[in-house]
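First the structure, in the form of structure tokens, and then the observations on it.
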Amino acid sequence: MVTQNGRPACVVMSPAEFDRMREREACLEAVAQGLADVQAGRVISDEELRKQLDAEFGPLEAG
């Protein structure tokens, strides 16, 4: 931590740590958005999702 006039002014960290922090933040934001979607009723059934994906990309091939 770097201080200015005895107060925290900035934090120095490695680029790798900064990337990990940003990835974690993005993941937490995605989870929060998903939970908000569920609470607001912005969800579809598994079957509806399958139909939409099949229409967009074609059915999955059994392998």
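We name chains A, B, ... following the order of the structure tokens; residues begin at 1 in each chain, and ligands are numbered from 1 as shown.
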In chain A, what's helix (DSSP H, G or I) per DSSP? Answer as number ranges by chain? A: 15-39, 46-57
Take the selection from the previous step and output its residues with C-alpha atoms, as an mmCIF file, in the first residue's frame.
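The result, written out as result_4.cif:
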data_model
loop_
_atom_site.group_PDB
_atom_site.id
_atom_site.type_symbol
_atom_site.label_atom_id
_atom_site.label_comp_id
_atom_site.auth_asym_id
_atom_site.auth_seq_id
_atom_site.Cartn_x
_atom_site.Cartn_y
_atom_site.Cartn_z
ATOM 1 C CA PRO A 15 -0.600 -8.368 -12.660
ATOM 2 C CA ALA A 16 -1.518 -12.003 -11.922
ATOM 3 C CA GLU A 17 -3.169 -11.060 -8.635
ATOM 4 C CA PHE A 18 -4.992 -8.183 -10.326
ATOM 5 C CA ASP A 19 -6.306 -10.590 -13.007
ATOM 6 C CA ARG A 20 -7.486 -13.052 -10.329
ATOM 7 C CA MET A 21 -9.271 -10.234 -8.519
ATOM 8 C CA ARG A 22 -11.004 -9.081 -11.725
ATOM 9 C CA GLU A 23 -12.058 -12.642 -12.656
ATOM 10 C CA ARG A 24 -13.512 -13.187 -9.190
ATOM 11 C CA GLU A 25 -15.391 -9.886 -9.418
ATOM 12 C CA ALA A 26 -16.812 -10.816 -12.830
ATOM 13 C CA CYS A 27 -17.918 -14.221 -11.510
ATOM 14 C CA LEU A 28 -19.635 -12.690 -8.479
ATOM 15 C CA GLU A 29 -21.399 -10.147 -10.701
ATOM 16 C CA ALA A 30 -22.633 -12.944 -12.997
ATOM 17 C CA VAL A 31 -23.984 -14.908 -10.020
ATOM 18 C CA ALA A 32 -25.725 -11.808 -8.665
ATOM 19 C CA GLN A 33 -27.291 -11.154 -12.080
ATOM 20 C CA GLY A 34 -28.458 -14.756 -12.289
ATOM 21 C CA LEU A 35 -30.064 -14.575 -8.870
ATOM 22 C CA ALA A 36 -31.767 -11.292 -9.801
ATOM 23 C CA ASP A 37 -33.077 -12.919 -12.998
ATOM 24 C CA VAL A 38 -34.553 -15.802 -10.990
ATOM 25 C CA GLN A 39 -36.221 -13.443 -8.529
ATOM 26 C CA ASP A 46 -34.666 -26.745 -19.551
ATOM 27 C CA GLU A 47 -36.839 -27.930 -22.413
ATOM 28 C CA GLU A 48 -37.320 -24.401 -23.761
ATOM 29 C CA LEU A 49 -33.577 -23.797 -23.529
ATOM 30 C CA ARG A 50 -32.905 -27.027 -25.425
ATOM 31 C CA LYS A 51 -35.345 -25.981 -28.155
ATOM 32 C CA GLN A 52 -33.716 -22.558 -28.480
ATOM 33 C CA LEU A 53 -30.206 -24.013 -28.616
ATOM 34 C CA ASP A 54 -31.256 -26.651 -31.161
ATOM 35 C CA ALA A 55 -32.822 -23.945 -33.332
ATOM 36 C CA GLU A 56 -29.687 -21.789 -33.100
ATOM 37 C CA PHE A 57 -26.955 -24.422 -33.360
#
Using DSSP on the backbone coordinates, identify the residues of chain A assigned to strand (DSSP E or B); present them as a PyMOL selection string. chain A and resi 2-4+7-10
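Note that atom CA of Val43 of chain A and atom CA of Glu61 of chain A are 25.8 Å apart.
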Do you know which residues are at most 10 Å from Val11 of chain A counting only C-alpha atoms, after dropping those on the same chain fewer than 5 positions away, and could you put them as a PyMOL selection string? chain A and resi 1-3
Keeping only C-alpha atoms, write those residues as a JSON list (two decimals), in the first residue's frame.
[["chain", "number", "residue", "atom", "x", "y", "z"],
["A", 1, "MET", "CA", 0.00, 0.00, 0.00],
["A", 2, "VAL", "CA", 1.26, 3.45, -0.85],
["A", 3, "THR", "CA", 0.25, 6.31, 1.40]]
